[in-house]
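What follows is one structure encoded as structure tokens, with my remarks underneath.
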Amino acid sequence: MDYSDKVIDHYTNPRNVGEIENASGIGKVGNPVCGDIMKIYIKVENNIITDVKFKTFGCGAAIATSSISTELIKGLTLEKALELKNGDVVDKLDGLPPVKIHCSLLAEEAIHEAIADYYRKEGKMSEEEIVKKCKLKKNHNSCPHKISN
Amino acid sequence: MKEIYFDNAATTRIDDEVLSSMMPYLKNEYGNASSIYKLGKRSHEAIEKTREEVAKVFNCDKDEIYFTSGGSESDNTAIKGIAYANKDKGKHIITSKIEHPAVLETCKMLERDGFEVTYLNVDENGIISLDELKKSIRKDTILISIMFANNEIGTIEPIKEIGKISREKNIYFHTDAVQAVGNIRIDVKELNIDSLSLSAHKFYGPKGIGVLYMKKGIKFNALINGGHQEKKKRAGTHNTASIVGLGTALKIAYDNLESHNKNIKELRDYYIEQVKEKIPYIKINGDLYKRLPGNANISFRFIEGEGLLLNLDNKGICASSGSACTSGSLDPSHVLLAIGLPHEIAHGSLRISIGKYNTKEEVDYLIKSLIEIVEKLRNMSPLYEEFMEGEK
């Protein structure tokens, strides 16, 4: 697998691994059948993500995208964090091999789910508003897997 | 950083003696083996001497040995060659679900060309059922192709029994023995093998050279047309140096087979014992006894194989995995799925294949590194977190 030095750095020394006790929001996407699961924990204070941690089951690219995404959203307002695109993540990693692009979608979706979880706990928005604001997907496209026999 | 090689099922380091035997044919003895003058004739003689030596190892006739570019070409020639030359007798082929892609993809290609293929199931250790094989045989079955030993899990198939069934039913029997040669003594007469593929680089020989054994009297088409080489069954100027290297490698392998197997099996068993003792939540894949001596395939639950391999690589350790991420698709290894592993456990598999250059110190370093890496990856795995919460 042709990984950039940035990707190698991030899967070798992943940043912000772990959990946050009493997290403001938790997002989990992917499934074990695909071989990718990402779980992200955020702490929100005054609409700003003040802390973020992750846990990932997956390949080097999944770990690296999780790691760099936590760095990218730390300190951002929730609105800014929702604007983070998988393309930005890929760029920050100096690219990913084409077969690994779906891993970067996983990170984006996990962040959106974590923020949605925060909004739900906050209880100020309807589910419909949350789904719209966080661009939640019914089926996560990070897992294009079809089980074949 | 020193590199430690535990991927001997992928390829092996060429033996110094093998390389020395090749050198004259890469330098001064460069003649084309088909040429009439002495320089060419000496190449020809070296090739024919090797052919005799190879034939002796497998207890067949030298006219039944064809030199090819390796395992994939031998498999393709055997399967397509027999299928197309015998299609008037029938168009049904039997193989297994755990074959190497060189066999599986060839069979799929034949299916697209009007042949019918039965893919036999395997049990949880990766062994085919002889009953299922017998039941799958039809009047129009022309070929059975079952691998001698599996490349991923090391399981050895009941070749003698398959040979017997094939002979009784008068069906050709081909075996992909790429992983077996150099690890198992093979007598094609005793085992009733009609056709066999092997590749030199799996037993400390050079890459790009292999053998197809094809029993006399079997009609088969050439895959590569052109010159008259290999009795018109495989065109192309002979690769004299590599053929000689293959011969040397084969001789070394079979002169030292028992001690070679004993040594690598000891290291393999030590590795498995240590992993069992020191790392929880693992599963050993494949049959524990009917198994190649150097193969260990272990799934580490809650982690994914590519992450494991990349971390091992950071420590200079070369190994292999059946995870989707290393197979270039989204599915984990077809072999691990065929033995019934759930996807998430198949994703976390690690194949260690020990060879003659490995030492106990290297295995100790591997175990020490694995303990550290598995712990690190589990600590960042949400699956492990959930499992541990469930255990509380």
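Going by the structure tokens order, chains are called A, B, ..., each with residues numbered from 1, while ligands are numbered from 1 in the order shown.
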Could you pull out the strand (DSSP E or B) residues of range 19-64 of chain A from DSSP and send them as a VMD selection string?
chain A and resid 25 to 31 36 to 45 48 to 57
Kindly determine which residues of chain B lie within 6 Å of chain A, considering only C-alpha atoms, and give the answer as a ChimeraX atom specification.
/B:303-304,306-307,343-344,380-382
File dump, residues just selected, N, CA and C atoms, as a short mmCIF file (atom, residue, chain, number, x, y, z; two decimals), in the first residue's frame:
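Result file follows (selection.cif):
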```cif
data_model
loop_
_atom_site.label_atom_id
_atom_site.label_comp_id
_atom_site.auth_asym_id
_atom_site.auth_seq_id
_atom_site.Cartn_x
_atom_site.Cartn_y
_atom_site.Cartn_z
N ILE B 303 -9.04 -6.48 16.30
CA ILE B 303 -8.16 -5.60 15.54
C ILE B 303 -8.15 -6.03 14.07
N GLU B 304 -7.65 -5.16 13.24
CA GLU B 304 -7.70 -5.36 11.80
C GLU B 304 -6.28 -5.63 11.28
N GLU B 306 -4.49 -5.12 8.49
CA GLU B 306 -3.56 -4.18 7.85
C GLU B 306 -2.87 -3.31 8.88
N GLY B 307 -3.65 -2.85 9.87
CA GLY B 307 -3.06 -2.06 10.94
C GLY B 307 -1.96 -2.84 11.65
N HIS B 343 -16.63 -12.27 9.23
CA HIS B 343 -15.81 -11.23 8.59
C HIS B 343 -14.86 -10.55 9.58
N GLU B 344 -15.40 -10.16 10.75
CA GLU B 344 -14.57 -9.35 11.65
C GLU B 344 -13.37 -10.13 12.19
N MET B 380 -7.14 0.97 21.12
CA MET B 380 -7.83 1.99 20.31
C MET B 380 -9.00 1.37 19.54
N SER B 381 -9.38 0.13 19.89
CA SER B 381 -10.46 -0.52 19.15
C SER B 381 -11.79 -0.40 19.88
N PRO B 382 -12.80 0.20 19.23
CA PRO B 382 -14.12 0.26 19.87
C PRO B 382 -14.72 -1.13 20.09
#
```
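The nearest approach to Leu136 in chain A among the residues A:Tyr118, A:His112, A:Asp88, A:Leu93, with only C-alpha atoms taken into account, belongs to A:His112.
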Need to verify the contact set: Leu370 in chain B, 9 Å, only C-alpha atoms, exclusion of same-chain residues closer than 5 positions in sequence. Can you return it as a PyMOL selection string?
chain B and resi 275+279+308+312+365+375
Residues from last step as file, all heavy atoms, as an mmCIF file, in the first residue's frame:
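Generated output (part_10.cif):
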```
data_model
loop_
_atom_site.group_PDB
_atom_site.id
_atom_site.type_symbol
_atom_site.label_atom_id
_atom_site.label_comp_id
_atom_site.auth_asym_id
_atom_site.auth_seq_id
_atom_site.Cartn_x
_atom_site.Cartn_y
_atom_site.Cartn_z
ATOM 1 N N VAL B 275 2.187 -17.345 21.532
ATOM 2 C CA VAL B 275 1.047 -16.455 21.293
ATOM 3 C C VAL B 275 -0.141 -16.887 22.149
ATOM 4 O O VAL B 275 -0.799 -16.065 22.790
ATOM 5 C CB VAL B 275 0.669 -16.423 19.784
ATOM 6 C CG1 VAL B 275 -0.652 -15.691 19.574
ATOM 7 C CG2 VAL B 275 1.761 -15.745 18.970
ATOM 8 N N ILE B 279 -1.084 -13.899 24.549
ATOM 9 C CA ILE B 279 -2.068 -12.957 23.990
ATOM 10 C C ILE B 279 -3.465 -13.579 24.062
ATOM 11 O O ILE B 279 -3.705 -14.631 23.459
ATOM 12 C CB ILE B 279 -1.710 -12.562 22.528
ATOM 13 C CG1 ILE B 279 -0.280 -12.004 22.463
ATOM 14 C CG2 ILE B 279 -2.718 -11.539 21.984
ATOM 15 C CD1 ILE B 279 0.183 -11.604 21.077
ATOM 16 N N LEU B 308 -2.217 -4.117 11.820
ATOM 17 C CA LEU B 308 -1.244 -5.007 12.450
ATOM 18 C C LEU B 308 0.036 -5.116 11.601
ATOM 19 O O LEU B 308 1.153 -4.953 12.099
ATOM 20 C CB LEU B 308 -1.914 -6.374 12.615
ATOM 21 C CG LEU B 308 -1.257 -7.478 13.412
ATOM 22 C CD1 LEU B 308 -0.933 -7.005 14.811
ATOM 23 C CD2 LEU B 308 -2.208 -8.687 13.494
ATOM 24 N N LEU B 312 3.826 -3.896 12.416
ATOM 25 C CA LEU B 312 4.928 -4.863 12.389
ATOM 26 C C LEU B 312 6.037 -4.356 11.465
ATOM 27 O O LEU B 312 7.219 -4.444 11.779
ATOM 28 C CB LEU B 312 4.437 -6.239 11.922
ATOM 29 C CG LEU B 312 3.650 -7.072 12.935
ATOM 30 C CD1 LEU B 312 3.001 -8.283 12.252
ATOM 31 C CD2 LEU B 312 4.550 -7.556 14.075
ATOM 32 N N TYR B 365 11.588 -11.949 19.085
ATOM 33 C CA TYR B 365 11.374 -10.534 18.766
ATOM 34 C C TYR B 365 9.972 -10.318 18.198
ATOM 35 O O TYR B 365 9.284 -9.349 18.528
ATOM 36 C CB TYR B 365 12.447 -10.072 17.772
ATOM 37 C CG TYR B 365 12.295 -8.633 17.319
ATOM 38 C CD1 TYR B 365 12.536 -7.578 18.192
ATOM 39 C CD2 TYR B 365 11.904 -8.335 16.012
ATOM 40 C CE1 TYR B 365 12.394 -6.263 17.780
ATOM 41 C CE2 TYR B 365 11.767 -7.026 15.581
ATOM 42 C CZ TYR B 365 12.010 -5.990 16.475
ATOM 43 O OH TYR B 365 11.863 -4.696 16.057
ATOM 44 N N GLU B 375 -1.780 -5.022 21.862
ATOM 45 C CA GLU B 375 -2.299 -4.242 22.983
ATOM 46 C C GLU B 375 -2.612 -2.801 22.547
ATOM 47 O O GLU B 375 -3.676 -2.265 22.845
ATOM 48 C CB GLU B 375 -1.286 -4.246 24.129
ATOM 49 C CG GLU B 375 -1.928 -3.798 25.434
ATOM 50 C CD GLU B 375 -0.918 -3.545 26.534
ATOM 51 O OE1 GLU B 375 0.243 -4.005 26.403
ATOM 52 O OE2 GLU B 375 -1.284 -2.870 27.510
#
```
Can you tell me, as a short mmCIF file (atom, residue, chain, number, x, y, z; two decimals) with N, CA, C and O atoms, in the first residue's frame, which residues in chain A count as alpha helix (DSSP H) by DSSP?
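Final output, saved to out-v3.cif:
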```cif
data_model
loop_
_atom_site.label_atom_id
_atom_site.label_comp_id
_atom_site.auth_asym_id
_atom_site.auth_seq_id
_atom_site.Cartn_x
_atom_site.Cartn_y
_atom_site.Cartn_z
N ASP A 5 3.91 9.88 3.84
CA ASP A 5 4.60 9.95 5.14
C ASP A 5 3.65 10.41 6.23
O ASP A 5 3.74 9.98 7.38
N LYS A 6 2.73 11.33 5.88
CA LYS A 6 1.75 11.83 6.85
C LYS A 6 0.87 10.70 7.37
O LYS A 6 0.61 10.61 8.57
N VAL A 7 0.39 9.87 6.43
CA VAL A 7 -0.47 8.75 6.82
C VAL A 7 0.31 7.81 7.74
O VAL A 7 -0.17 7.41 8.80
N ILE A 8 1.54 7.51 7.35
CA ILE A 8 2.38 6.61 8.15
C ILE A 8 2.58 7.19 9.54
O ILE A 8 2.43 6.49 10.55
N ASP A 9 2.85 8.49 9.59
CA ASP A 9 3.04 9.15 10.88
C ASP A 9 1.78 9.01 11.75
O ASP A 9 1.86 8.68 12.93
N HIS A 10 0.62 9.21 11.14
CA HIS A 10 -0.62 9.19 11.94
C HIS A 10 -1.04 7.79 12.38
O HIS A 10 -1.62 7.63 13.44
N TYR A 11 -0.77 6.74 11.54
CA TYR A 11 -1.15 5.43 12.07
C TYR A 11 -0.08 4.89 13.03
O TYR A 11 -0.36 4.04 13.86
N THR A 12 1.15 5.40 12.89
CA THR A 12 2.20 4.96 13.81
C THR A 12 2.04 5.63 15.17
O THR A 12 2.15 4.97 16.21
N GLY A 60 -4.74 0.95 8.35
CA GLY A 60 -3.87 2.10 8.56
C GLY A 60 -4.52 3.41 8.14
O GLY A 60 -4.42 4.41 8.85
N ALA A 61 -5.22 3.40 7.00
CA ALA A 61 -5.86 4.61 6.51
C ALA A 61 -6.99 5.04 7.43
O ALA A 61 -7.19 6.24 7.68
N ALA A 62 -7.74 4.08 7.97
CA ALA A 62 -8.85 4.40 8.88
C ALA A 62 -8.30 5.03 10.16
O ALA A 62 -8.85 6.02 10.65
N ILE A 63 -7.21 4.49 10.66
CA ILE A 63 -6.61 5.04 11.88
C ILE A 63 -6.06 6.44 11.62
O ILE A 63 -6.29 7.37 12.38
N ALA A 64 -5.38 6.59 10.49
CA ALA A 64 -4.78 7.89 10.16
C ALA A 64 -5.84 8.96 9.94
O ALA A 64 -5.69 10.10 10.42
N THR A 65 -6.93 8.63 9.25
CA THR A 65 -7.97 9.65 9.01
C THR A 65 -8.67 10.00 10.32
O THR A 65 -9.01 11.17 10.55
N SER A 66 -8.87 9.01 11.19
CA SER A 66 -9.47 9.29 12.49
C SER A 66 -8.58 10.26 13.25
O SER A 66 -9.05 11.27 13.79
N SER A 67 -7.30 9.95 13.28
CA SER A 67 -6.35 10.73 14.05
C SER A 67 -6.29 12.18 13.57
O SER A 67 -6.42 13.12 14.35
N ILE A 68 -6.15 12.37 12.27
CA ILE A 68 -5.99 13.74 11.76
C ILE A 68 -7.31 14.51 11.88
O ILE A 68 -7.30 15.72 12.13
N SER A 69 -8.44 13.82 11.76
CA SER A 69 -9.73 14.50 11.89
C SER A 69 -9.90 15.07 13.29
O SER A 69 -10.44 16.18 13.45
N THR A 70 -9.46 14.32 14.31
CA THR A 70 -9.60 14.85 15.68
C THR A 70 -8.76 16.11 15.83
O THR A 70 -9.19 17.07 16.48
N GLU A 71 -7.59 16.13 15.20
CA GLU A 71 -6.75 17.33 15.27
C GLU A 71 -7.42 18.52 14.58
O GLU A 71 -7.36 19.64 15.05
N LEU A 72 -8.07 18.20 13.44
CA LEU A 72 -8.66 19.27 12.63
C LEU A 72 -9.87 19.92 13.28
O LEU A 72 -10.13 21.10 13.06
N ILE A 73 -10.64 19.16 14.05
CA ILE A 73 -11.87 19.76 14.60
C ILE A 73 -11.70 20.32 16.01
O ILE A 73 -12.57 21.03 16.50
N LEU A 78 -19.10 24.16 16.41
CA LEU A 78 -19.79 23.00 15.85
C LEU A 78 -20.09 23.20 14.37
O LEU A 78 -19.96 22.28 13.57
N GLU A 79 -20.46 24.43 14.01
CA GLU A 79 -20.79 24.72 12.61
C GLU A 79 -19.57 24.52 11.70
O GLU A 79 -19.66 23.95 10.62
N LYS A 80 -18.43 25.00 12.19
CA LYS A 80 -17.20 24.85 11.39
C LYS A 80 -16.82 23.37 11.28
O LYS A 80 -16.38 22.90 10.23
N ALA A 81 -16.99 22.66 12.39
CA ALA A 81 -16.63 21.22 12.38
C ALA A 81 -17.51 20.46 11.40
O ALA A 81 -17.04 19.54 10.72
N LEU A 82 -18.77 20.88 11.29
CA LEU A 82 -19.68 20.21 10.35
C LEU A 82 -19.30 20.49 8.89
O LEU A 82 -19.71 19.77 7.99
N ASN A 86 -14.50 15.21 3.70
CA ASN A 86 -13.51 14.14 3.62
C ASN A 86 -12.34 14.52 2.70
O ASN A 86 -11.21 14.11 2.92
N GLY A 87 -12.65 15.37 1.70
CA GLY A 87 -11.58 15.83 0.81
C GLY A 87 -10.51 16.61 1.56
O GLY A 87 -9.31 16.48 1.28
N ASP A 88 -10.95 17.43 2.57
CA ASP A 88 -9.99 18.19 3.37
C ASP A 88 -9.09 17.23 4.14
O ASP A 88 -7.89 17.45 4.28
N VAL A 89 -9.70 16.18 4.67
CA VAL A 89 -8.95 15.18 5.44
C VAL A 89 -7.90 14.51 4.55
O VAL A 89 -6.74 14.38 4.93
N VAL A 90 -8.33 14.14 3.36
CA VAL A 90 -7.41 13.49 2.41
C VAL A 90 -6.26 14.43 2.06
O VAL A 90 -5.09 14.04 2.06
N ASP A 91 -6.60 15.71 1.81
CA ASP A 91 -5.56 16.70 1.49
C ASP A 91 -4.54 16.84 2.61
O ASP A 91 -3.34 16.89 2.38
N LYS A 92 -5.08 16.93 3.85
CA LYS A 92 -4.19 17.10 5.00
C LYS A 92 -3.24 15.90 5.18
O LYS A 92 -2.18 16.02 5.77
N ILE A 101 -10.19 5.75 -0.02
CA ILE A 101 -10.91 7.01 0.12
C ILE A 101 -12.14 6.84 1.03
O ILE A 101 -12.48 7.73 1.81
N HIS A 102 -12.77 5.67 0.99
CA HIS A 102 -13.97 5.47 1.82
C HIS A 102 -13.66 5.62 3.32
O HIS A 102 -14.52 5.95 4.10
N CYS A 103 -12.39 5.39 3.69
CA CYS A 103 -11.99 5.55 5.10
C CYS A 103 -12.13 7.00 5.54
O CYS A 103 -12.45 7.28 6.70
N SER A 104 -11.90 7.94 4.62
CA SER A 104 -11.97 9.34 4.99
C SER A 104 -13.42 9.77 5.17
O SER A 104 -13.72 10.69 5.91
N LEU A 105 -14.34 9.07 4.47
CA LEU A 105 -15.77 9.36 4.66
C LEU A 105 -16.21 8.94 6.05
O LEU A 105 -17.05 9.57 6.68
N LEU A 106 -15.61 7.87 6.52
CA LEU A 106 -15.93 7.35 7.85
C LEU A 106 -15.70 8.42 8.91
O LEU A 106 -16.53 8.63 9.79
N ALA A 107 -14.57 9.11 8.81
CA ALA A 107 -14.23 10.12 9.81
C ALA A 107 -15.24 11.27 9.76
O ALA A 107 -15.73 11.72 10.80
N GLU A 108 -15.54 11.72 8.55
CA GLU A 108 -16.50 12.82 8.39
C GLU A 108 -17.85 12.45 9.01
O GLU A 108 -18.45 13.22 9.76
N GLU A 109 -18.29 11.23 8.72
CA GLU A 109 -19.60 10.79 9.23
C GLU A 109 -19.59 10.62 10.75
O GLU A 109 -20.58 10.92 11.41
N ALA A 110 -18.49 10.15 11.28
CA ALA A 110 -18.41 9.96 12.74
C ALA A 110 -18.50 11.31 13.46
O ALA A 110 -19.17 11.42 14.49
N ILE A 111 -17.86 12.33 12.89
CA ILE A 111 -17.92 13.67 13.48
C ILE A 111 -19.36 14.19 13.45
O ILE A 111 -19.87 14.69 14.44
N HIS A 112 -20.02 14.01 12.30
CA HIS A 112 -21.41 14.47 12.18
C HIS A 112 -22.30 13.75 13.18
O HIS A 112 -23.18 14.37 13.79
N GLU A 113 -22.08 12.47 13.37
CA GLU A 113 -22.89 11.70 14.33
C GLU A 113 -22.64 12.18 15.77
O GLU A 113 -23.55 12.25 16.57
N ALA A 114 -21.38 12.49 16.07
CA ALA A 114 -21.04 12.93 17.43
C ALA A 114 -21.71 14.28 17.73
O ALA A 114 -22.24 14.49 18.82
N ILE A 115 -21.69 15.17 16.75
CA ILE A 115 -22.32 16.49 16.94
C ILE A 115 -23.84 16.33 17.06
O ILE A 115 -24.47 16.96 17.91
N ALA A 116 -24.40 15.44 16.23
CA ALA A 116 -25.84 15.17 16.32
C ALA A 116 -26.20 14.64 17.71
O ALA A 116 -27.22 15.03 18.30
N ASP A 117 -25.35 13.78 18.23
CA ASP A 117 -25.58 13.23 19.57
C ASP A 117 -25.59 14.35 20.62
O ASP A 117 -26.42 14.36 21.53
N TYR A 118 -24.68 15.30 20.43
CA TYR A 118 -24.64 16.45 21.35
C TYR A 118 -25.94 17.25 21.27
O TYR A 118 -26.54 17.59 22.28
N TYR A 119 -26.41 17.52 20.05
CA TYR A 119 -27.64 18.29 19.88
C TYR A 119 -28.83 17.57 20.48
O TYR A 119 -29.72 18.18 21.06
N ARG A 120 -28.84 16.24 20.33
CA ARG A 120 -29.96 15.46 20.90
C ARG A 120 -29.97 15.60 22.42
O ARG A 120 -31.02 15.79 23.02
N LYS A 121 -28.78 15.48 23.01
CA LYS A 121 -28.69 15.59 24.47
C LYS A 121 -29.09 16.98 24.94
O LYS A 121 -29.71 17.15 25.99
N GLU A 122 -28.73 17.97 24.15
CA GLU A 122 -29.03 19.35 24.48
C GLU A 122 -30.56 19.58 24.44
O GLU A 122 -31.09 20.36 25.23
N GLU A 127 -35.54 16.22 15.90
CA GLU A 127 -34.72 15.22 15.21
C GLU A 127 -34.55 15.61 13.73
O GLU A 127 -33.46 15.48 13.17
N GLU A 128 -35.65 16.12 13.19
CA GLU A 128 -35.61 16.52 11.77
C GLU A 128 -34.56 17.61 11.54
O GLU A 128 -33.78 17.56 10.59
N GLU A 129 -34.55 18.58 12.45
CA GLU A 129 -33.57 19.68 12.34
C GLU A 129 -32.14 19.16 12.49
O GLU A 129 -31.23 19.59 11.78
N ILE A 130 -31.99 18.22 13.42
CA ILE A 130 -30.64 17.67 13.66
C ILE A 130 -30.14 16.92 12.43
O ILE A 130 -29.01 17.12 11.97
N VAL A 131 -31.03 16.10 11.88
CA VAL A 131 -30.65 15.31 10.69
C VAL A 131 -30.22 16.24 9.56
O VAL A 131 -29.21 16.01 8.89
N LYS A 132 -30.96 17.33 9.41
CA LYS A 132 -30.67 18.27 8.34
C LYS A 132 -29.36 19.02 8.62
O LYS A 132 -28.47 19.09 7.76
N LYS A 133 -29.24 19.54 9.82
CA LYS A 133 -28.06 20.33 10.17
C LYS A 133 -26.77 19.49 10.11
O LYS A 133 -25.73 19.96 9.65
#
```
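Compared by their closest atoms to Glu161 in chain B, and using only C-alpha atoms, the residues B:Asn86, B:Ser299, B:Ser129, B:Asn239 rank with B:Ser129 nearest.
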Kindly give the distance, in Å, that separates CA of Val18 in chain B and CA of Gly205 in chain B, rounded to a single decimal.
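Distance between the two atoms: 6.4 Å.
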Residue among B:Asn170, B:Ser145, B:Ser74, B:Asn256 lying closest to Ile184 in chain B, counting only C-alpha atoms
B:Asn256
List as JSON, numbers by chain the protein and nucleic acid residues near Lys135 in chain B, meaning an atom at most 12 Å away when only C-alpha atoms are counted, but skip any in the same chain fewer than 6 places from it.
{"B": [94, 118, 120, 129, 141, 165, 169]}
What is the CA of Ala253 in chain B to CA of Glu157 in chain B distance in Å?
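Distance reported for this atom pair: 21.0 Å.
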Would you mind reading off the distance between CA of Thr12 in chain B and CA of Lys290 in chain B, one decimal, in Å?
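One can read the CA of Thr12 in chain B to CA of Lys290 in chain B distance as 22.3 Å.
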Find the residues around Val363 in chain B up to 9 Å (only C-alpha atoms counted), leave out those fewer than 4 positions away in its own chain, and share them as a list in words.
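Answer for this query is Phe6, Leu267, Arg268, Tyr270, Tyr271, Asn358, Thr359, Ile367 and Lys368 of chain B.
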Keeping all heavy atoms for every residue in the selection just given, could you write it to a file as a compact mmCIF listing (two decimals), in the first residue's frame?
```txt
# COMPACT_ATOMS: atom_id res chain seq x y z
N PHE B 6 9.24 -12.97 7.79
CA PHE B 6 8.36 -14.07 8.18
C PHE B 6 7.27 -14.27 7.14
O PHE B 6 6.12 -14.53 7.47
CB PHE B 6 7.71 -13.79 9.55
CG PHE B 6 8.62 -14.03 10.72
CD1 PHE B 6 8.99 -12.99 11.56
CD2 PHE B 6 9.10 -15.31 11.00
CE1 PHE B 6 9.83 -13.21 12.65
CE2 PHE B 6 9.93 -15.54 12.09
CZ PHE B 6 10.30 -14.49 12.91
N LEU B 267 10.09 -24.03 15.32
CA LEU B 267 9.94 -22.58 15.48
C LEU B 267 8.47 -22.17 15.39
O LEU B 267 8.00 -21.33 16.15
CB LEU B 267 10.75 -21.83 14.42
CG LEU B 267 12.26 -21.75 14.59
CD1 LEU B 267 12.86 -20.91 13.47
CD2 LEU B 267 12.63 -21.14 15.94
N ARG B 268 7.78 -22.78 14.42
CA ARG B 268 6.35 -22.47 14.23
C ARG B 268 5.56 -22.83 15.48
O ARG B 268 4.73 -22.04 15.98
CB ARG B 268 5.82 -23.23 13.00
CG ARG B 268 4.46 -22.82 12.49
CD ARG B 268 3.29 -23.54 13.10
NE ARG B 268 3.43 -24.97 13.21
CZ ARG B 268 3.07 -25.85 12.29
NH1 ARG B 268 2.59 -25.44 11.15
NH2 ARG B 268 3.19 -27.15 12.51
N TYR B 270 6.63 -23.22 18.49
CA TYR B 270 7.04 -22.33 19.58
C TYR B 270 6.30 -21.00 19.47
O TYR B 270 5.76 -20.47 20.46
CB TYR B 270 8.56 -22.12 19.50
CG TYR B 270 9.10 -21.08 20.46
CD1 TYR B 270 9.09 -21.30 21.84
CD2 TYR B 270 9.64 -19.89 19.98
CE1 TYR B 270 9.60 -20.35 22.71
CE2 TYR B 270 10.15 -18.93 20.84
CZ TYR B 270 10.12 -19.16 22.21
OH TYR B 270 10.62 -18.22 23.06
N TYR B 271 6.23 -20.47 18.26
CA TYR B 271 5.50 -19.21 18.02
C TYR B 271 4.04 -19.33 18.45
O TYR B 271 3.52 -18.50 19.20
CB TYR B 271 5.61 -18.81 16.54
CG TYR B 271 4.60 -17.78 16.09
CD1 TYR B 271 4.70 -16.45 16.48
CD2 TYR B 271 3.52 -18.14 15.28
CE1 TYR B 271 3.77 -15.51 16.08
CE2 TYR B 271 2.58 -17.22 14.87
CZ TYR B 271 2.70 -15.90 15.27
OH TYR B 271 1.76 -14.97 14.88
N ASN B 358 15.07 -18.35 9.38
CA ASN B 358 14.58 -17.75 10.62
C ASN B 358 15.23 -18.40 11.84
O ASN B 358 15.62 -19.56 11.81
CB ASN B 358 13.05 -17.89 10.73
CG ASN B 358 12.31 -16.99 9.76
OD1 ASN B 358 11.52 -17.45 8.95
ND2 ASN B 358 12.59 -15.70 9.81
N THR B 359 15.35 -17.61 12.90
CA THR B 359 15.96 -18.10 14.13
C THR B 359 14.99 -17.93 15.30
O THR B 359 14.00 -17.18 15.19
CB THR B 359 17.23 -17.30 14.47
OG1 THR B 359 16.84 -15.93 14.70
CG2 THR B 359 18.26 -17.35 13.35
N ILE B 367 7.30 -12.14 18.81
CA ILE B 367 6.30 -12.29 19.88
C ILE B 367 6.26 -11.03 20.75
O ILE B 367 5.20 -10.50 21.04
CB ILE B 367 6.59 -13.55 20.72
CG1 ILE B 367 6.34 -14.79 19.86
CG2 ILE B 367 5.71 -13.60 21.97
CD1 ILE B 367 7.08 -16.01 20.32
N LYS B 368 7.44 -10.56 21.11
CA LYS B 368 7.54 -9.34 21.93
C LYS B 368 6.84 -8.17 21.20
O LYS B 368 6.08 -7.42 21.81
CB LYS B 368 9.03 -9.04 22.15
CG LYS B 368 9.31 -7.91 23.12
CD LYS B 368 10.83 -7.80 23.34
CE LYS B 368 11.23 -6.37 23.64
NZ LYS B 368 11.73 -5.62 22.48
```
